[in-house]
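Read the structure below first, then the notes.
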Amino acid sequence: MSLNSSQKKTNIQAITNAKLLSSDSDKILNIAIKNTKVIALGYLPDDDTIEEINACHHLIINNVFNIGSFIKNKPSQTEPNAQLKENPTIKPIDSYELVKHIHSQSLPPSQKCYVANVQISEFLFILQETTKTPIASHCHLILQHIDEETCSILNTLTLPDCLSLGIYLPTDPTSISSTIEPLILAKTITSVSCDPSSALSSLIMKYFPKNYPKICQLLFNDASKTIFKIDAPSIKIGNSINAIFIQKKEPYAISVIVTNGVIQTIQGDQNETR
């Protein structure tokens with residue numbers, strides 16, 4: 001897979017015939033961008049220099065990001081992640097350091113959200129300690145591994161206000177998708193990530209073919225705002241957007257990524273990086 005950034009400051013690019021993903025309905029939306037800003041919606045400007053990218057049979061997913069890739073400092077080529085790079089409220093922390101601070105009750109109070117990759121044993125310890133003695137800062141813990149046994153444990157738990165939970169999706173969607181899905185819908189799991197060599201959006205659609213619109217809404221609009229203070233920029237005139245354009249049917253390949261208003265087209269049929 002290769003990315004081609006073809007936007008020129010003097011030209012207008014238009015991405016046409018895609019449908020905006022919504023938990024309620026799908027709305028066709030033509031988007032024209034110039035100098036990283038949306039300048040027209042639903043119609044094309046009367047300009048001979050427009051470069052049109054036809055995204056028929058694609059969905060627009062707004063504000064999608066791969067936080068696990070970000071805190072591992074591994075660039076994702078299929079999610080914009082600009083929202084994370086520019087967010088001053090996210091503070092990655094090593095799991096060992098976090099456990100040590102929780103044990104000694106010495107975690108520095110912060111307005112930022114601490115984010116750590118953890119094993120299930122570390123998560124359960126942190127849960128136990130923060131349930132007994134709540135901490136002043138918020139911690140988002142991303143489980144490095146998820147399986148049936150872990151899901152069974154999560155189903156019995158209530159998280160304190162100072163904790164939230166994320167997971168890395170396994171690459172095989174047939175394994176435990178039916179077990180993970182209720183945990184996301186119940187807002188027990190509030191972020192999903194994957195290895196940066198895969199496309200997170202594609203995995204979400206493969207894992208949850210019936211409920212992915214609702215799940216994307218919960219993850220990239222609701223939880224992103226309440227936990228990470230990431231308020232999704234509306235797709236409207238004057239805004240720079242972060243969005244992906246993904247095929248509605250399998251293999252759910254991503255054709256276009258818009259990062260801070262800069263359009264990149266993906267060359268090739270697969271989402272995996274090479």
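Each chain of the structure tokens is named A, B, ... in the order shown, its residues numbered from 1; ligands are numbered from 1 in display order.
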
Would you mind listing, for every residue of region 99-186 of chain A within 7 Å of region 79-90 of chain A, the two atoms forming the shortest contact and the distance between them in Å to one decimal, using only C-alpha atoms, sorted by chain and ascending residue number, as a tab-separated table?
```
residue	atom	partner	partner_atom	distance
A:Gln111	CA	A:Thr89	CA	6.9
A:Lys112	CA	A:Thr89	CA	4.2
A:Cys113	CA	A:Ile90	CA	5.0
A:Tyr114	CA	A:Ile90	CA	6.2
A:Val115	CA	A:Ile90	CA	6.9
```

Neighbour list for Ser121 (chain A) as a VMD selection string, cut-off 12 Å, only C-alpha atoms, skip fewer than 6 positions in-chain = chain A and resid 95 to 96 99 127 to 128 141 143 to 145 150 153

Per DSSP on the backbone, what are the strand (DSSP E) residues of region 10-174 of chain A, as number ranges by chain?
-> A: 12-20, 27-34, 37-41, 51-54, 58-62, 90-92, 113-118, 138-143, 163-168

Those residues with C-alpha atoms, as a PDB file, in the first residue's frame please?
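Written out: selection-v1.pdb:
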```
ATOM      1  CA  ILE A  12      -9.787  22.269  -5.669  1.00  0.00           C
ATOM      2  CA  GLN A  13     -10.266  18.574  -4.980  1.00  0.00           C
ATOM      3  CA  ALA A  14     -13.673  16.991  -4.646  1.00  0.00           C
ATOM      4  CA  ILE A  15     -14.482  13.591  -3.195  1.00  0.00           C
ATOM      5  CA  THR A  16     -17.870  12.579  -4.568  1.00  0.00           C
ATOM      6  CA  ASN A  17     -20.647  10.006  -4.236  1.00  0.00           C
ATOM      7  CA  ALA A  18     -19.691   8.663  -0.806  1.00  0.00           C
ATOM      8  CA  LYS A  19     -22.205   8.217   1.997  1.00  0.00           C
ATOM      9  CA  LEU A  20     -21.722   9.753   5.414  1.00  0.00           C
ATOM     10  CA  LYS A  27     -26.465  10.443   3.412  1.00  0.00           C
ATOM     11  CA  ILE A  28     -24.627  10.970   0.121  1.00  0.00           C
ATOM     12  CA  LEU A  29     -22.142  13.786   0.504  1.00  0.00           C
ATOM     13  CA  ASN A  30     -19.918  15.437  -2.077  1.00  0.00           C
ATOM     14  CA  ILE A  31     -17.035  17.287  -0.406  1.00  0.00           C
ATOM     15  CA  ALA A  32     -14.887  19.924  -2.116  1.00  0.00           C
ATOM     16  CA  ILE A  33     -11.621  20.965  -0.424  1.00  0.00           C
ATOM     17  CA  LYS A  34      -9.262  23.821  -1.187  1.00  0.00           C
ATOM     18  CA  LYS A  37     -10.634  23.646   4.074  1.00  0.00           C
ATOM     19  CA  VAL A  38     -14.035  22.344   3.035  1.00  0.00           C
ATOM     20  CA  ILE A  39     -15.414  24.893   0.571  1.00  0.00           C
ATOM     21  CA  ALA A  40     -18.522  23.093  -0.702  1.00  0.00           C
ATOM     22  CA  LEU A  41     -20.833  20.281   0.372  1.00  0.00           C
ATOM     23  CA  GLU A  51      -9.836  17.237  -9.460  1.00  0.00           C
ATOM     24  CA  GLU A  52     -12.641  14.779  -8.742  1.00  0.00           C
ATOM     25  CA  ILE A  53     -12.119  11.585  -6.762  1.00  0.00           C
ATOM     26  CA  ASN A  54     -15.142   9.345  -7.245  1.00  0.00           C
ATOM     27  CA  HIS A  58     -17.733   4.130  -0.059  1.00  0.00           C
ATOM     28  CA  LEU A  59     -18.655   5.315   3.431  1.00  0.00           C
ATOM     29  CA  ILE A  60     -17.211   8.383   5.143  1.00  0.00           C
ATOM     30  CA  ILE A  61     -16.120   7.737   8.718  1.00  0.00           C
ATOM     31  CA  ASN A  62     -15.352  10.981  10.499  1.00  0.00           C
ATOM     32  CA  ILE A  90      -3.254  12.720  26.312  1.00  0.00           C
ATOM     33  CA  LYS A  91      -0.265  11.565  28.353  1.00  0.00           C
ATOM     34  CA  PRO A  92       1.206   8.138  27.463  1.00  0.00           C
ATOM     35  CA  CYS A 113      -5.581  11.557  30.532  1.00  0.00           C
ATOM     36  CA  TYR A 114      -2.895   8.971  31.289  1.00  0.00           C
ATOM     37  CA  VAL A 115      -2.919   6.221  28.638  1.00  0.00           C
ATOM     38  CA  ALA A 116      -1.098   2.906  29.124  1.00  0.00           C
ATOM     39  CA  ASN A 117      -0.890  -0.522  27.517  1.00  0.00           C
ATOM     40  CA  VAL A 118      -1.488  -3.098  30.259  1.00  0.00           C
ATOM     41  CA  HIS A 138      -8.124   9.823  34.646  1.00  0.00           C
ATOM     42  CA  CYS A 139      -6.374   6.686  33.331  1.00  0.00           C
ATOM     43  CA  HIS A 140      -7.269   4.932  30.096  1.00  0.00           C
ATOM     44  CA  LEU A 141      -5.938   1.372  30.129  1.00  0.00           C
ATOM     45  CA  ILE A 142      -5.590  -0.551  26.862  1.00  0.00           C
ATOM     46  CA  LEU A 143      -5.506  -4.326  27.281  1.00  0.00           C
ATOM     47  CA  LEU A 163     -10.679   4.561  34.843  1.00  0.00           C
ATOM     48  CA  SER A 164     -11.695   3.683  31.303  1.00  0.00           C
ATOM     49  CA  LEU A 165     -10.795   0.693  29.200  1.00  0.00           C
ATOM     50  CA  GLY A 166      -9.626   0.005  25.658  1.00  0.00           C
ATOM     51  CA  ILE A 167      -8.582  -3.106  23.748  1.00  0.00           C
ATOM     52  CA  TYR A 168      -6.518  -4.192  20.762  1.00  0.00           C
TER      53      TYR A 168
END
```

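Here CA of Gly42 (chain A) is placed at a distance of 11.3 Å from CA of Ile235 (chain A).
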
List the neighbours of region 223-231 of chain A out to 6 Å using only C-alpha atoms; skip same-chain residues closer than 4 positions along the sequence, and give me the result as JSON, numbers by chain.
-> {"A": [190, 218, 219]}

Next, dump the selected residues to file, keeping only C-alpha atoms, as a PDB file, in the first residue's frame.
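Heads up, here's the output in result.pdb:
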```
ATOM      1  CA  THR A 190     -14.419   2.784  25.141  1.00  0.00           C
ATOM      2  CA  LEU A 218     -19.720   5.482  20.502  1.00  0.00           C
ATOM      3  CA  LEU A 219     -15.953   5.297  19.967  1.00  0.00           C
TER       4      LEU A 219
END
```

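When only C-alpha atoms are used to compute distances to Ile180 (chain A), the closest of the residues A:Lys210, A:Ser152, A:Ser201, A:Pro196 turns out to be A:Ser152.
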
Can you pull out every residue within 12 Å of Ser104 (chain A), counting only C-alpha atoms, but drop anything in the same chain fewer than 5 positions away, and send it as a ChimeraX atom specification?
-> /A:97-99,126,129-130,133,135

Could the residues of region 146-220 of chain A that have an atom at most 10 Å from region 252-261 of chain A be listed as CSV, each with its closest atom pair and the distance in Å to one decimal, counting only C-alpha atoms and ordered by chain and ascending residue number?
```
residue,atom,partner,partner_atom,distance
A:Ala199,CA,A:Ile254,CA,8.0
A:Ser201,CA,A:Tyr252,CA,8.2
A:Ser202,CA,A:Tyr252,CA,5.3
A:Leu203,CA,A:Tyr252,CA,8.4
A:Ile204,CA,A:Tyr252,CA,9.7
A:Met205,CA,A:Tyr252,CA,7.3
A:Lys206,CA,A:Tyr252,CA,7.8
```

DSSP alpha helix (DSSP H) selection over region 41-130 of chain A, as a PyMOL selection string = chain A and resi 67-71+82-85+95-104+120-130

Would you mind exporting the chosen residues as an mmCIF file, in the first residue's frame, restricted to C-alpha atoms?
```cif
data_model
loop_
_atom_site.group_PDB
_atom_site.id
_atom_site.type_symbol
_atom_site.label_atom_id
_atom_site.label_comp_id
_atom_site.auth_asym_id
_atom_site.auth_seq_id
_atom_site.Cartn_x
_atom_site.Cartn_y
_atom_site.Cartn_z
ATOM 1 C CA ILE A 67 -4.871 5.371 19.838
ATOM 2 C CA GLY A 68 -2.938 2.150 20.442
ATOM 3 C CA SER A 69 -0.740 2.832 17.435
ATOM 4 C CA PHE A 70 -0.233 6.397 18.647
ATOM 5 C CA ILE A 71 0.955 5.585 22.167
ATOM 6 C CA ALA A 82 -3.932 13.915 13.667
ATOM 7 C CA GLN A 83 -6.467 14.368 16.459
ATOM 8 C CA LEU A 84 -4.098 12.515 18.815
ATOM 9 C CA LYS A 85 -0.869 14.209 17.747
ATOM 10 C CA SER A 95 2.471 0.368 32.554
ATOM 11 C CA TYR A 96 5.232 -0.390 35.071
ATOM 12 C CA GLU A 97 5.453 3.285 36.030
ATOM 13 C CA LEU A 98 1.692 3.528 36.331
ATOM 14 C CA VAL A 99 1.413 0.444 38.539
ATOM 15 C CA LYS A 100 4.245 1.755 40.733
ATOM 16 C CA HIS A 101 2.531 5.119 41.161
ATOM 17 C CA ILE A 102 -0.838 3.525 41.861
ATOM 18 C CA HIS A 103 0.726 1.217 44.460
ATOM 19 C CA SER A 104 2.437 4.098 46.256
ATOM 20 C CA ILE A 120 -4.962 -8.121 32.473
ATOM 21 C CA SER A 121 -3.153 -8.606 35.811
ATOM 22 C CA GLU A 122 -1.992 -4.981 35.791
ATOM 23 C CA PHE A 123 -5.480 -3.805 34.908
ATOM 24 C CA LEU A 124 -7.049 -5.784 37.752
ATOM 25 C CA PHE A 125 -4.509 -4.438 40.240
ATOM 26 C CA ILE A 126 -5.107 -0.840 39.151
ATOM 27 C CA LEU A 127 -8.866 -1.437 39.295
ATOM 28 C CA GLN A 128 -8.606 -2.862 42.789
ATOM 29 C CA GLU A 129 -6.501 0.018 44.115
ATOM 30 C CA THR A 130 -8.466 2.835 42.470
#
```

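Summary of the local environment: counting only C-alpha atoms, residues at most 8 Å from Leu200 (chain A), other than itself and those fewer than 6 positions away along its chain, are A:Asn66, A:Thr78, A:Glu79, A:Ser193, A:Cys194.
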
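If you look at CA of Pro213 (chain A) and CA of Ser22 (chain A), they are 5.8 Å away from each other.
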
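Picture a line from CA of Gln217 (chain A) to CA of Thr158 (chain A); it runs 22.2 Å.
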